[in-house]
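These notes are about the structure you will find just below.
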Amino acid sequence: MRHCVFCGEGLGEGVPQAPAPGRRHAYDPRQGRLWEICGRCRRWNPVPMELRWETLEGWEGAVQDRGRTLLESEHLALVQVDDGEVVRVGRPPLPEWGGWRYGDRLPRMRRRGGFLRRILGSLPPPPLEGYDPYGLTGPMGGVGGRDGPSEWLASPFLAQATPLTLAFTAVPFAPACPSCRIPLPLAPWDFQAVRFRESRTVADVTGVEAPCAHCGEWVLLPLRAVRPALRLGLGIVDTDDRAREVGEAAGAGLAQVGGTERFLAGLGRIGAPLGELARDERVALAMALDAEAEAEALEAEWREAEEIAAIMDEELTAVADFQAFRARILDGLGG
Ligand SMILES: [Zn+2]
Ligand SMILES: [Zn+2]
């Protein structure tokens with residue numbers, strides 16, 4: 001059984017030949033893409049397919065023959081086929097794409113809630129009193145108290161401190177720190193400080209600068225190397241209904257600056273830290289990174305469709321320094 005990479009909800013079994021009851025998919029017959037839409041958190045999970053053209057022909061046939069359109073915009077349609085529902089993707093401009101995939105245009109199928117079950121499953125059992133990233137239960141009464149971590153105090157991501165902590169103690173921010181060489185640990189409260197930079201390497205015009213929690217150096221990393229961890233973090237901080245409210249505006253903003261590549265290059269020029277971006281700018285950033293990741297997966301025949309799943313499956317137990325970082329952060333929380 002596959003699981004939603006964002007919230008851990010179980011997705012359906014296998015790739016159905018046509019829209020299936022109780023599940024919701026989206027497909028793009030022009031580019032040969034298929035996603036399963038999580039019934040809980042509403043995020044779109046790419047479905048790797050070996051036989052995508054044959055499969056999608058079946059979907060297109062079912063939609064054309066038996067489909068009943070429930071909701072339609074110029075380039076996207078929610079279609080009911082028998083007892084299943086599917087989103088047919090045409091060539092949507094960015095505002096329409098933002099409204100449907102990241103926004104409120106698509107009516108929800110079931111309840112939402114919960115987060116990061118896979119990451120939680122990989123952790124040692126939490127202390128009896130639970131994790132306490134705010135330090136609210138410290139011996140001196142919490143934040144500002146003797147043992148309460150104060151690192152989160154100025155962070156706009158305070159409300160997501162727990163899931164961010166669980167995420168960044170489970171996965172490195174980049175495969176290797178250019179300075180100390182171990183998988184780069186990011187202190188979870190430093191997610192807000194991560195900033196874009198112009199970078200002149202061959203592969204990327206945009207780089208990302210972040211502080212390594214092991215050696216303490218600020219290092220410049222290629223965007224591609226940090227993209228999965230960045231997408232994971234953005235998935236955590238922008239998973240609520242307010243993020244959905246700005247989905248369409250985020251798409252419109254991207255269209256206004258001339259597309260996702262121009263937007264990323266612009267962030268590099270400005271160099272603003274993540275914590276200073278407005279909500280719609282962050283959602284636009286997530287849209288741009290998803291688009292890059294999925295375009296690359298498409299070039300690789302859509303086989304490795306979700307890079308976030310890959311970093312979450314990485315084996316880090318052999319990296320003593322990363323384990324030490326993880327213990328230090330989690331012990332601080334539990335105590
Ligand atoms: Zn989900
Ligand atoms: Zn380092």
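Residues are named by chain letter and number: chains run A, B, ... in the order of the structure tokens, numbers start at 1 in each chain, and ligands are numbered from 1 in the order shown.
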
Got a sec to check which residues lie within 9 Å of ligand 2, using only C-alpha atoms and all ligand atoms, and send them as a PyMOL selection string? chain A and resi 176-185+211-219

Restricted to C-alpha atoms, what would the selected residues look like written as a compact mmCIF listing (two decimals), in the first residue's frame?
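Generated output (part-v6.txt):
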# COMPACT_ATOMS: atom_id res chain seq x y z
CA ALA A 176 26.18 16.50 2.46
CA CYS A 177 27.46 19.64 4.15
CA PRO A 178 30.14 21.18 1.86
CA SER A 179 32.10 22.13 4.97
CA CYS A 180 32.01 19.11 7.32
CA ARG A 181 30.81 16.52 4.79
CA ILE A 182 28.17 14.73 6.88
CA PRO A 183 24.48 14.74 5.78
CA LEU A 184 23.63 18.32 6.65
CA PRO A 185 21.57 18.52 9.83
CA PRO A 211 23.45 26.95 8.67
CA CYS A 212 24.83 23.45 9.31
CA ALA A 213 23.89 22.34 12.82
CA HIS A 214 26.99 20.14 13.02
CA CYS A 215 29.88 22.42 12.05
CA GLY A 216 28.07 25.72 12.49
CA GLU A 217 29.02 27.04 9.03
CA TRP A 218 26.60 28.83 6.73
CA VAL A 219 26.94 26.94 3.47

Within 7 Å of ligand 1, counting only C-alpha atoms and all ligand atoms, residues as a ChimeraX atom specification: /A:4-9,38-43

Deliver the residues from the most recent selection as a file, using N, CA, C and O atoms, as a PDB file, in the first residue's frame.
ATOM      1  N   CYS A   4       0.398   8.641   1.496  1.00  0.00           N
ATOM      2  CA  CYS A   4       0.602  10.058   1.183  1.00  0.00           C
ATOM      3  C   CYS A   4       1.916  10.495   1.813  1.00  0.00           C
ATOM      4  O   CYS A   4       2.129  10.278   3.002  1.00  0.00           O
ATOM      5  N   VAL A   5       2.828  11.096   1.039  1.00  0.00           N
ATOM      6  CA  VAL A   5       4.110  11.479   1.631  1.00  0.00           C
ATOM      7  C   VAL A   5       3.947  12.638   2.593  1.00  0.00           C
ATOM      8  O   VAL A   5       4.805  12.858   3.436  1.00  0.00           O
ATOM      9  N   PHE A   6       2.862  13.374   2.493  1.00  0.00           N
ATOM     10  CA  PHE A   6       2.717  14.558   3.339  1.00  0.00           C
ATOM     11  C   PHE A   6       2.088  14.242   4.685  1.00  0.00           C
ATOM     12  O   PHE A   6       2.448  14.829   5.690  1.00  0.00           O
ATOM     13  N   CYS A   7       1.100  13.331   4.733  1.00  0.00           N
ATOM     14  CA  CYS A   7       0.419  13.092   6.009  1.00  0.00           C
ATOM     15  C   CYS A   7       0.402  11.631   6.400  1.00  0.00           C
ATOM     16  O   CYS A   7      -0.042  11.299   7.498  1.00  0.00           O
ATOM     17  N   GLY A   8       0.865  10.725   5.533  1.00  0.00           N
ATOM     18  CA  GLY A   8       0.935   9.326   5.907  1.00  0.00           C
ATOM     19  C   GLY A   8      -0.352   8.545   5.709  1.00  0.00           C
ATOM     20  O   GLY A   8      -0.393   7.343   5.953  1.00  0.00           O
ATOM     21  N   GLU A   9      -1.418   9.217   5.290  1.00  0.00           N
ATOM     22  CA  GLU A   9      -2.686   8.520   5.042  1.00  0.00           C
ATOM     23  C   GLU A   9      -2.477   7.435   3.985  1.00  0.00           C
ATOM     24  O   GLU A   9      -1.757   7.643   3.015  1.00  0.00           O
ATOM     25  N   CYS A  38      -4.711  12.872  -1.969  1.00  0.00           N
ATOM     26  CA  CYS A  38      -4.914  12.357  -0.622  1.00  0.00           C
ATOM     27  C   CYS A  38      -6.286  12.794  -0.106  1.00  0.00           C
ATOM     28  O   CYS A  38      -6.620  13.977  -0.148  1.00  0.00           O
ATOM     29  N   GLY A  39      -7.072  11.841   0.376  1.00  0.00           N
ATOM     30  CA  GLY A  39      -8.409  12.153   0.882  1.00  0.00           C
ATOM     31  C   GLY A  39      -8.345  12.940   2.174  1.00  0.00           C
ATOM     32  O   GLY A  39      -9.306  13.590   2.567  1.00  0.00           O
ATOM     33  N   ARG A  40      -7.210  12.895   2.847  1.00  0.00           N
ATOM     34  CA  ARG A  40      -7.116  13.565   4.129  1.00  0.00           C
ATOM     35  C   ARG A  40      -6.548  14.975   3.985  1.00  0.00           C
ATOM     36  O   ARG A  40      -7.174  15.943   4.374  1.00  0.00           O
ATOM     37  N   CYS A  41      -5.345  15.099   3.407  1.00  0.00           N
ATOM     38  CA  CYS A  41      -4.719  16.429   3.389  1.00  0.00           C
ATOM     39  C   CYS A  41      -4.864  17.123   2.033  1.00  0.00           C
ATOM     40  O   CYS A  41      -4.451  18.262   1.882  1.00  0.00           O
ATOM     41  N   ARG A  42      -5.441  16.444   1.051  1.00  0.00           N
ATOM     42  CA  ARG A  42      -5.753  17.015  -0.258  1.00  0.00           C
ATOM     43  C   ARG A  42      -4.529  17.279  -1.134  1.00  0.00           C
ATOM     44  O   ARG A  42      -4.607  17.945  -2.154  1.00  0.00           O
ATOM     45  N   ARG A  43      -3.344  16.822  -0.703  1.00  0.00           N
ATOM     46  CA  ARG A  43      -2.177  17.034  -1.561  1.00  0.00           C
ATOM     47  C   ARG A  43      -2.119  15.987  -2.669  1.00  0.00           C
ATOM     48  O   ARG A  43      -2.658  14.909  -2.544  1.00  0.00           O
TER      49      ARG A  43
END

Give me the residues near A:Gln323 as a VMD selection string, where near means some atom within 12 Å (using only C-alpha atoms) and where sequence neighbours in that chain fewer than 3 positions away do not count. chain A and resid 123 to 124 168 to 172 182 to 185 214 315 to 320 326 to 331

Write out, as a CSV table (one decimal), in the first residue's frame, the residues just selected, with N, CA and C atoms.
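Output contents, as saved in selection-v2.csv:
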chain,number,residue,atom,x,y,z
A,123,LEU,N,10.6,7.2,14.5
A,123,LEU,CA,11.3,7.7,15.7
A,123,LEU,C,11.2,6.8,16.9
A,124,PRO,N,12.1,7.0,17.8
A,124,PRO,CA,11.9,6.2,19.1
A,124,PRO,C,10.7,6.8,19.8
A,168,PHE,N,13.0,17.4,10.7
A,168,PHE,CA,14.4,17.7,10.5
A,168,PHE,C,15.3,16.9,11.4
A,169,THR,N,14.7,16.2,12.4
A,169,THR,CA,15.6,15.2,13.1
A,169,THR,C,15.5,13.9,12.4
A,170,ALA,N,14.6,13.7,11.4
A,170,ALA,CA,14.5,12.5,10.7
A,170,ALA,C,15.2,12.5,9.3
A,171,VAL,N,15.3,13.7,8.7
A,171,VAL,CA,15.9,13.8,7.4
A,171,VAL,C,16.9,14.9,7.4
A,172,PRO,N,18.0,14.8,6.7
A,172,PRO,CA,19.0,15.9,6.6
A,172,PRO,C,18.5,16.9,5.6
A,182,ILE,N,29.2,15.7,6.5
A,182,ILE,CA,28.2,14.7,6.9
A,182,ILE,C,26.8,15.2,6.3
A,183,PRO,N,25.8,14.3,6.2
A,183,PRO,CA,24.5,14.7,5.8
A,183,PRO,C,24.1,15.9,6.6
A,184,LEU,N,23.8,17.0,5.9
A,184,LEU,CA,23.6,18.3,6.6
A,184,LEU,C,22.4,18.4,7.6
A,185,PRO,N,22.7,18.4,8.9
A,185,PRO,CA,21.6,18.5,9.8
A,185,PRO,C,21.2,20.0,9.9
A,214,HIS,N,25.9,20.9,12.5
A,214,HIS,CA,27.0,20.1,13.0
A,214,HIS,C,28.2,21.0,13.1
A,315,GLU,N,18.8,5.8,4.8
A,315,GLU,CA,19.3,5.2,6.0
A,315,GLU,C,20.4,6.1,6.6
A,316,LEU,N,20.1,6.6,7.8
A,316,LEU,CA,21.0,7.5,8.5
A,316,LEU,C,21.7,6.9,9.7
A,317,THR,N,21.3,5.7,10.1
A,317,THR,CA,21.8,5.2,11.4
A,317,THR,C,23.3,5.0,11.4
A,318,ALA,N,23.9,4.9,10.2
A,318,ALA,CA,25.4,4.7,10.2
A,318,ALA,C,26.1,6.1,10.4
A,319,VAL,N,25.4,7.2,10.3
A,319,VAL,CA,26.0,8.5,10.4
A,319,VAL,C,26.0,9.0,11.9
A,320,ALA,N,27.1,8.7,12.6
A,320,ALA,CA,27.1,8.9,14.0
A,320,ALA,C,26.8,10.4,14.4
A,326,ARG,N,20.4,14.4,16.2
A,326,ARG,CA,19.0,14.1,16.5
A,326,ARG,C,18.7,13.9,18.0
A,327,ALA,N,19.7,13.2,18.6
A,327,ALA,CA,19.5,12.9,20.1
A,327,ALA,C,19.5,14.2,20.8
A,328,ARG,N,20.4,15.1,20.4
A,328,ARG,CA,20.5,16.4,21.1
A,328,ARG,C,19.2,17.2,21.0
A,329,ILE,N,18.7,17.3,19.8
A,329,ILE,CA,17.4,18.1,19.6
A,329,ILE,C,16.3,17.4,20.3
A,330,LEU,N,16.1,16.1,20.2
A,330,LEU,CA,14.9,15.4,20.7
A,330,LEU,C,15.0,15.4,22.2
A,331,ASP,N,16.2,15.2,22.8
A,331,ASP,CA,16.4,15.2,24.2
A,331,ASP,C,16.0,16.5,24.8

Find the residues near A:Val63: any atom within 10 Å, counting only C-alpha atoms, skip ones fewer than 3 places away on the same chain, and give them as a list in words. Ala18, Pro19, Glu57, Gly58, Trp59, Glu60, Arg66, Gly67, Arg68, Thr69, Val79, Gln80, Val81, Asp82, Glu85, Val86, Val87 and Arg88 of chain A

Selected residues written out with N, CA and C atoms, as a PDB file, in the first residue's frame:
ATOM      1  N   ALA A  18      -9.464   2.658 -14.223  1.00  0.00           N
ATOM      2  CA  ALA A  18     -10.420   3.746 -14.436  1.00  0.00           C
ATOM      3  C   ALA A  18     -10.715   4.346 -13.064  1.00  0.00           C
ATOM      4  N   PRO A  19     -11.355   5.532 -13.022  1.00  0.00           N
ATOM      5  CA  PRO A  19     -11.655   6.152 -11.731  1.00  0.00           C
ATOM      6  C   PRO A  19     -12.316   5.163 -10.774  1.00  0.00           C
ATOM      7  N   GLU A  57      -4.752   6.037 -21.510  1.00  0.00           N
ATOM      8  CA  GLU A  57      -5.742   5.893 -22.585  1.00  0.00           C
ATOM      9  C   GLU A  57      -7.042   5.322 -22.039  1.00  0.00           C
ATOM     10  N   GLY A  58      -6.901   4.347 -21.129  1.00  0.00           N
ATOM     11  CA  GLY A  58      -8.082   3.770 -20.494  1.00  0.00           C
ATOM     12  C   GLY A  58      -8.855   4.811 -19.691  1.00  0.00           C
ATOM     13  N   TRP A  59      -8.122   5.649 -18.977  1.00  0.00           N
ATOM     14  CA  TRP A  59      -8.768   6.699 -18.171  1.00  0.00           C
ATOM     15  C   TRP A  59      -9.478   7.692 -19.082  1.00  0.00           C
ATOM     16  N   GLU A  60      -8.787   8.098 -20.133  1.00  0.00           N
ATOM     17  CA  GLU A  60      -9.363   9.080 -21.039  1.00  0.00           C
ATOM     18  C   GLU A  60     -10.624   8.508 -21.697  1.00  0.00           C
ATOM     19  N   ARG A  66     -18.168   7.726 -20.356  1.00  0.00           N
ATOM     20  CA  ARG A  66     -19.160   7.616 -19.281  1.00  0.00           C
ATOM     21  C   ARG A  66     -19.076   8.765 -18.295  1.00  0.00           C
ATOM     22  N   GLY A  67     -18.217   9.729 -18.557  1.00  0.00           N
ATOM     23  CA  GLY A  67     -17.967  10.781 -17.576  1.00  0.00           C
ATOM     24  C   GLY A  67     -19.096  11.804 -17.468  1.00  0.00           C
ATOM     25  N   ARG A  68     -19.310  12.294 -16.255  1.00  0.00           N
ATOM     26  CA  ARG A  68     -20.265  13.379 -16.016  1.00  0.00           C
ATOM     27  C   ARG A  68     -19.493  14.498 -15.315  1.00  0.00           C
ATOM     28  N   THR A  69     -19.445  15.663 -15.930  1.00  0.00           N
ATOM     29  CA  THR A  69     -18.635  16.741 -15.380  1.00  0.00           C
ATOM     30  C   THR A  69     -19.311  17.355 -14.161  1.00  0.00           C
ATOM     31  N   VAL A  79     -14.500  15.120 -12.948  1.00  0.00           N
ATOM     32  CA  VAL A  79     -15.443  14.301 -13.711  1.00  0.00           C
ATOM     33  C   VAL A  79     -15.804  13.068 -12.894  1.00  0.00           C
ATOM     34  N   GLN A  80     -17.095  12.757 -12.842  1.00  0.00           N
ATOM     35  CA  GLN A  80     -17.518  11.516 -12.204  1.00  0.00           C
ATOM     36  C   GLN A  80     -17.647  10.432 -13.272  1.00  0.00           C
ATOM     37  N   VAL A  81     -17.029   9.278 -13.000  1.00  0.00           N
ATOM     38  CA  VAL A  81     -17.150   8.134 -13.900  1.00  0.00           C
ATOM     39  C   VAL A  81     -17.618   6.957 -13.051  1.00  0.00           C
ATOM     40  N   ASP A  82     -18.785   6.418 -13.341  1.00  0.00           N
ATOM     41  CA  ASP A  82     -19.367   5.365 -12.506  1.00  0.00           C
ATOM     42  C   ASP A  82     -19.376   5.854 -11.051  1.00  0.00           C
ATOM     43  N   GLU A  85     -14.269   9.425  -9.040  1.00  0.00           N
ATOM     44  CA  GLU A  85     -14.110  10.817  -9.464  1.00  0.00           C
ATOM     45  C   GLU A  85     -12.679  11.044  -9.918  1.00  0.00           C
ATOM     46  N   VAL A  86     -12.499  11.859 -10.924  1.00  0.00           N
ATOM     47  CA  VAL A  86     -11.152  12.108 -11.406  1.00  0.00           C
ATOM     48  C   VAL A  86     -11.046  13.549 -11.892  1.00  0.00           C
ATOM     49  N   VAL A  87      -9.868  14.131 -11.704  1.00  0.00           N
ATOM     50  CA  VAL A  87      -9.611  15.469 -12.225  1.00  0.00           C
ATOM     51  C   VAL A  87      -8.850  15.313 -13.536  1.00  0.00           C
ATOM     52  N   ARG A  88      -9.409  15.864 -14.600  1.00  0.00           N
ATOM     53  CA  ARG A  88      -8.713  15.835 -15.884  1.00  0.00           C
ATOM     54  C   ARG A  88      -7.965  17.145 -16.062  1.00  0.00           C
TER      55      ARG A  88
END

Compare A:Asp238, A:Asp83, A:Glu72, A:Glu299 by their minimum atom-to-atom distance to A:Leu285, counting only C-alpha atoms, and give me the closest one. A:Asp238

Apply DSSP to the backbone of this structure and, from stretch 29-275 of chain A, keep only the residues in alpha helix (DSSP H); write these as a compact mmCIF listing (two decimals) with N, CA and C atoms, in the first residue's frame.
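Saved to out.txt:
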# COMPACT_ATOMS: atom_id res chain seq x y z
N ARG A 52 2.40 4.06 -18.60
CA ARG A 52 1.49 5.17 -18.38
C ARG A 52 0.60 5.49 -19.58
N TRP A 53 1.11 5.36 -20.80
CA TRP A 53 0.26 5.77 -21.92
C TRP A 53 -0.94 4.84 -22.08
N GLU A 54 -0.69 3.52 -21.96
CA GLU A 54 -1.79 2.57 -22.06
C GLU A 54 -2.81 2.82 -20.95
N THR A 55 -2.29 3.01 -19.73
CA THR A 55 -3.18 3.24 -18.60
C THR A 55 -4.01 4.50 -18.81
N LEU A 56 -3.33 5.57 -19.22
CA LEU A 56 -4.05 6.84 -19.33
C LEU A 56 -5.03 6.83 -20.51
N GLU A 57 -4.75 6.04 -21.51
CA GLU A 57 -5.74 5.89 -22.58
C GLU A 57 -7.04 5.32 -22.04
N GLY A 58 -6.90 4.35 -21.13
CA GLY A 58 -8.08 3.77 -20.49
C GLY A 58 -8.86 4.81 -19.69
N TRP A 59 -8.12 5.65 -18.98
CA TRP A 59 -8.77 6.70 -18.17
C TRP A 59 -9.48 7.69 -19.08
N GLU A 60 -8.79 8.10 -20.13
CA GLU A 60 -9.36 9.08 -21.04
C GLU A 60 -10.62 8.51 -21.70
N GLY A 61 -10.55 7.20 -22.08
CA GLY A 61 -11.71 6.56 -22.70
C GLY A 61 -12.91 6.55 -21.75
N ALA A 62 -12.64 6.19 -20.48
CA ALA A 62 -13.73 6.13 -19.50
C ALA A 62 -14.35 7.51 -19.29
N VAL A 63 -13.49 8.54 -19.23
CA VAL A 63 -13.98 9.91 -19.02
C VAL A 63 -14.82 10.36 -20.22
N GLN A 64 -14.33 10.07 -21.43
CA GLN A 64 -15.05 10.50 -22.62
C GLN A 64 -16.37 9.74 -22.78
N ASP A 65 -16.35 8.42 -22.48
CA ASP A 65 -17.54 7.59 -22.71
C ASP A 65 -18.61 7.75 -21.63
N ARG A 66 -18.17 7.73 -20.36
CA ARG A 66 -19.16 7.62 -19.28
C ARG A 66 -19.08 8.76 -18.29
N LEU A 94 -1.11 29.16 -14.62
CA LEU A 94 -0.74 29.01 -13.21
C LEU A 94 -1.84 29.40 -12.21
N PRO A 95 -2.60 30.48 -12.44
CA PRO A 95 -3.62 30.79 -11.43
C PRO A 95 -4.67 29.68 -11.31
N GLU A 96 -5.06 29.12 -12.44
CA GLU A 96 -6.04 28.04 -12.41
C GLU A 96 -5.45 26.80 -11.73
N TRP A 97 -4.20 26.50 -12.05
CA TRP A 97 -3.48 25.37 -11.44
C TRP A 97 -3.38 25.56 -9.92
N ARG A 117 2.86 10.80 9.51
CA ARG A 117 2.84 9.52 10.22
C ARG A 117 4.09 8.69 9.94
N ARG A 118 4.60 8.81 8.72
CA ARG A 118 5.78 8.00 8.41
C ARG A 118 6.99 8.42 9.22
N ILE A 119 7.15 9.73 9.39
CA ILE A 119 8.29 10.21 10.17
C ILE A 119 8.12 9.79 11.62
N LEU A 120 6.91 9.92 12.14
CA LEU A 120 6.66 9.52 13.52
C LEU A 120 6.99 8.05 13.72
N GLY A 121 6.65 7.23 12.71
CA GLY A 121 6.89 5.81 12.80
C GLY A 121 8.37 5.46 12.86
N ALA A 161 6.23 24.00 15.28
CA ALA A 161 7.52 23.61 15.85
C ALA A 161 7.64 22.09 16.00
N THR A 162 6.59 21.44 16.47
CA THR A 162 6.68 19.99 16.68
C THR A 162 6.88 19.22 15.37
N PRO A 163 6.00 19.39 14.38
CA PRO A 163 6.23 18.62 13.15
C PRO A 163 7.53 19.00 12.45
N LEU A 164 7.95 20.27 12.51
CA LEU A 164 9.23 20.64 11.89
C LEU A 164 10.38 19.94 12.60
N THR A 165 10.28 19.86 13.91
CA THR A 165 11.33 19.19 14.68
C THR A 165 11.39 17.71 14.32
N LEU A 166 10.22 17.07 14.26
CA LEU A 166 10.21 15.65 13.92
C LEU A 166 10.76 15.43 12.51
N ALA A 167 10.44 16.34 11.60
CA ALA A 167 10.90 16.18 10.22
C ALA A 167 12.41 16.34 10.13
N PHE A 168 12.96 17.42 10.70
CA PHE A 168 14.38 17.70 10.48
C PHE A 168 15.30 16.91 11.40
N LEU A 223 20.12 24.30 -5.23
CA LEU A 223 18.69 24.16 -4.96
C LEU A 223 18.24 22.71 -5.10
N ARG A 224 18.77 22.04 -6.13
CA ARG A 224 18.33 20.67 -6.39
C ARG A 224 18.63 19.75 -5.21
N ALA A 225 19.75 20.01 -4.52
CA ALA A 225 20.14 19.13 -3.41
C ALA A 225 19.22 19.29 -2.21
N VAL A 226 18.67 20.49 -2.02
CA VAL A 226 17.85 20.71 -0.84
C VAL A 226 16.35 20.69 -1.16
N ARG A 227 16.04 20.51 -2.43
CA ARG A 227 14.62 20.63 -2.82
C ARG A 227 13.70 19.66 -2.07
N PRO A 228 14.05 18.36 -1.92
CA PRO A 228 13.11 17.47 -1.22
C PRO A 228 12.85 17.94 0.21
N ALA A 229 13.91 18.32 0.95
CA ALA A 229 13.73 18.74 2.34
C ALA A 229 12.96 20.06 2.41
N LEU A 230 13.23 20.94 1.45
CA LEU A 230 12.51 22.21 1.38
C LEU A 230 11.01 21.97 1.14
N ARG A 231 10.72 21.05 0.22
CA ARG A 231 9.31 20.75 -0.08
C ARG A 231 8.63 20.11 1.13
N LEU A 232 9.38 19.26 1.82
CA LEU A 232 8.83 18.63 3.03
C LEU A 232 8.50 19.69 4.07
N GLY A 233 9.44 20.62 4.31
CA GLY A 233 9.22 21.67 5.30
C GLY A 233 8.07 22.58 4.91
N LEU A 234 7.99 22.95 3.64
CA LEU A 234 6.90 23.81 3.18
C LEU A 234 5.56 23.08 3.29
N GLY A 235 5.59 21.77 3.06
CA GLY A 235 4.37 20.98 3.21
C GLY A 235 3.87 21.01 4.64
N ILE A 236 4.78 21.16 5.58
CA ILE A 236 4.39 21.21 6.99
C ILE A 236 3.85 22.59 7.37
N VAL A 237 4.55 23.65 6.94
CA VAL A 237 4.12 24.98 7.40
C VAL A 237 2.91 25.50 6.62
N ASP A 241 -5.94 25.38 6.21
CA ASP A 241 -6.93 25.97 5.31
C ASP A 241 -6.52 27.36 4.83
N ARG A 242 -5.77 28.08 5.64
CA ARG A 242 -5.36 29.42 5.21
C ARG A 242 -4.40 29.36 4.03
N ALA A 243 -3.58 28.30 3.99
CA ALA A 243 -2.71 28.13 2.83
C ALA A 243 -3.55 27.87 1.58
N ARG A 244 -4.61 27.07 1.74
CA ARG A 244 -5.51 26.78 0.61
C ARG A 244 -6.16 28.06 0.08
N GLU A 245 -6.45 28.97 1.00
CA GLU A 245 -7.11 30.22 0.59
C GLU A 245 -6.26 31.03 -0.38
N GLY A 247 -4.02 29.68 -2.57
CA GLY A 247 -3.51 28.87 -3.68
C GLY A 247 -3.65 29.56 -5.03
N GLU A 248 -4.83 30.10 -5.27
CA GLU A 248 -5.07 30.74 -6.56
C GLU A 248 -4.24 32.02 -6.71
N ALA A 249 -4.16 32.79 -5.62
CA ALA A 249 -3.35 34.01 -5.64
C ALA A 249 -1.87 33.68 -5.87
N ALA A 250 -1.43 32.58 -5.29
CA ALA A 250 -0.03 32.17 -5.48
C ALA A 250 0.23 31.87 -6.95
N GLY A 251 -0.71 31.16 -7.58
CA GLY A 251 -0.57 30.87 -9.00
C GLY A 251 -0.57 32.14 -9.83
N ALA A 252 -1.44 33.08 -9.46
CA ALA A 252 -1.51 34.36 -10.18
C ALA A 252 -0.19 35.11 -10.04
N GLY A 253 0.38 35.07 -8.83
CA GLY A 253 1.66 35.74 -8.60
C GLY A 253 2.77 35.15 -9.46
N LEU A 254 2.78 33.82 -9.54
CA LEU A 254 3.78 33.15 -10.38
C LEU A 254 3.64 33.57 -11.83
N ALA A 255 2.39 33.61 -12.30
CA ALA A 255 2.15 34.00 -13.69
C ALA A 255 2.62 35.43 -13.93
N GLN A 256 2.40 36.28 -12.93
CA GLN A 256 2.75 37.70 -13.06
C GLN A 256 4.25 37.92 -13.20
N VAL A 257 5.04 37.14 -12.46
CA VAL A 257 6.49 37.32 -12.58
C VAL A 257 7.07 36.55 -13.77
N THR A 260 7.58 29.88 -13.06
CA THR A 260 8.23 29.33 -11.87
C THR A 260 9.74 29.57 -11.88
N GLU A 261 10.38 29.45 -13.04
CA GLU A 261 11.84 29.64 -13.08
C GLU A 261 12.23 31.08 -12.76
N ARG A 262 11.47 32.01 -13.32
CA ARG A 262 11.74 33.43 -13.04
C ARG A 262 11.52 33.73 -11.57
N PHE A 263 10.50 33.09 -10.99
CA PHE A 263 10.21 33.30 -9.58
C PHE A 263 11.38 32.83 -8.71
N LEU A 264 11.89 31.62 -9.00
CA LEU A 264 13.01 31.08 -8.20
C LEU A 264 14.26 31.94 -8.36
N ALA A 265 14.52 32.38 -9.61
CA ALA A 265 15.69 33.24 -9.83
C ALA A 265 15.52 34.55 -9.07
N GLY A 266 14.28 35.06 -9.04
CA GLY A 266 14.01 36.30 -8.31
C GLY A 266 14.26 36.15 -6.82
N LEU A 267 13.86 35.02 -6.25
CA LEU A 267 14.12 34.78 -4.83
C LEU A 267 15.61 34.79 -4.56
N GLY A 268 16.38 34.22 -5.49
CA GLY A 268 17.83 34.21 -5.34
C GLY A 268 18.40 35.62 -5.33
N ARG A 269 17.88 36.48 -6.19
CA ARG A 269 18.37 37.86 -6.24
C ARG A 269 18.04 38.62 -4.97
N ILE A 270 16.81 38.41 -4.47
CA ILE A 270 16.38 39.12 -3.26
C ILE A 270 17.08 38.58 -2.02

For A:Ala210, work out the shell of residues within 9 Å, counting only C-alpha atoms and skipping chain neighbours fewer than 4 positions away, then give it as a ChimeraX atom specification. /A:173,186,190-191,193-196,217-221

Run DSSP on the backbone and grab whatever in stretch 37-119 of chain A lands in strand (DSSP E or B); send it over as an NGL selection string. :A and (37 or 44-46 or 67-72 or 76-81 or 84-89)

Preceding selection exported with C-alpha atoms as a short mmCIF file (atom, residue, chain, number, x, y, z; two decimals), in the first residue's frame:
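Printed below is again00.cif as written:
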data_model
loop_
_atom_site.label_atom_id
_atom_site.label_comp_id
_atom_site.auth_asym_id
_atom_site.auth_seq_id
_atom_site.Cartn_x
_atom_site.Cartn_y
_atom_site.Cartn_z
CA ILE A 37 -5.13 13.03 -4.35
CA TRP A 44 -1.39 15.51 -4.93
CA ASN A 45 0.94 12.50 -4.83
CA PRO A 46 2.52 11.56 -8.15
CA GLY A 67 -17.97 10.78 -17.58
CA ARG A 68 -20.27 13.38 -16.02
CA THR A 69 -18.64 16.74 -15.38
CA LEU A 70 -19.14 17.90 -11.79
CA LEU A 71 -17.01 21.02 -11.87
CA GLU A 72 -15.15 22.70 -14.68
CA LEU A 76 -9.38 21.47 -15.51
CA ALA A 77 -12.44 19.37 -14.85
CA LEU A 78 -13.68 17.19 -12.02
CA VAL A 79 -15.44 14.30 -13.71
CA GLN A 80 -17.52 11.52 -12.20
CA VAL A 81 -17.15 8.13 -13.90
CA GLY A 84 -15.30 7.25 -9.02
CA GLU A 85 -14.11 10.82 -9.46
CA VAL A 86 -11.15 12.11 -11.41
CA VAL A 87 -9.61 15.47 -12.23
CA ARG A 88 -8.71 15.83 -15.88
CA VAL A 89 -5.80 18.21 -16.37
#

Which residue, A:Ala26, A:Glu36, A:Glu292, A:Gln160, has the smallest gap to A:His3 when you use only C-alpha atoms? A:Glu36

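The spacing separating atom CA of A:Ala309 from atom CA of A:Asp280 amounts to 25.1 Å.
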
For A:His75, work out the shell of residues within 7 Å, counting only C-alpha atoms and skipping chain neighbours fewer than 6 positions away, then give it as a PyMOL selection string. chain A and resi 89-92

Could you write those residues out with C-alpha atoms, as a compact mmCIF listing (two decimals), in the first residue's frame?
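The resulting file, result-v8.txt, is reproduced below:
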# COMPACT_ATOMS: atom_id res chain seq x y z
CA VAL A 89 -5.80 18.21 -16.37
CA GLY A 90 -5.47 20.14 -19.60
CA ARG A 91 -3.05 23.02 -20.05
CA PRO A 92 -3.96 25.16 -17.07
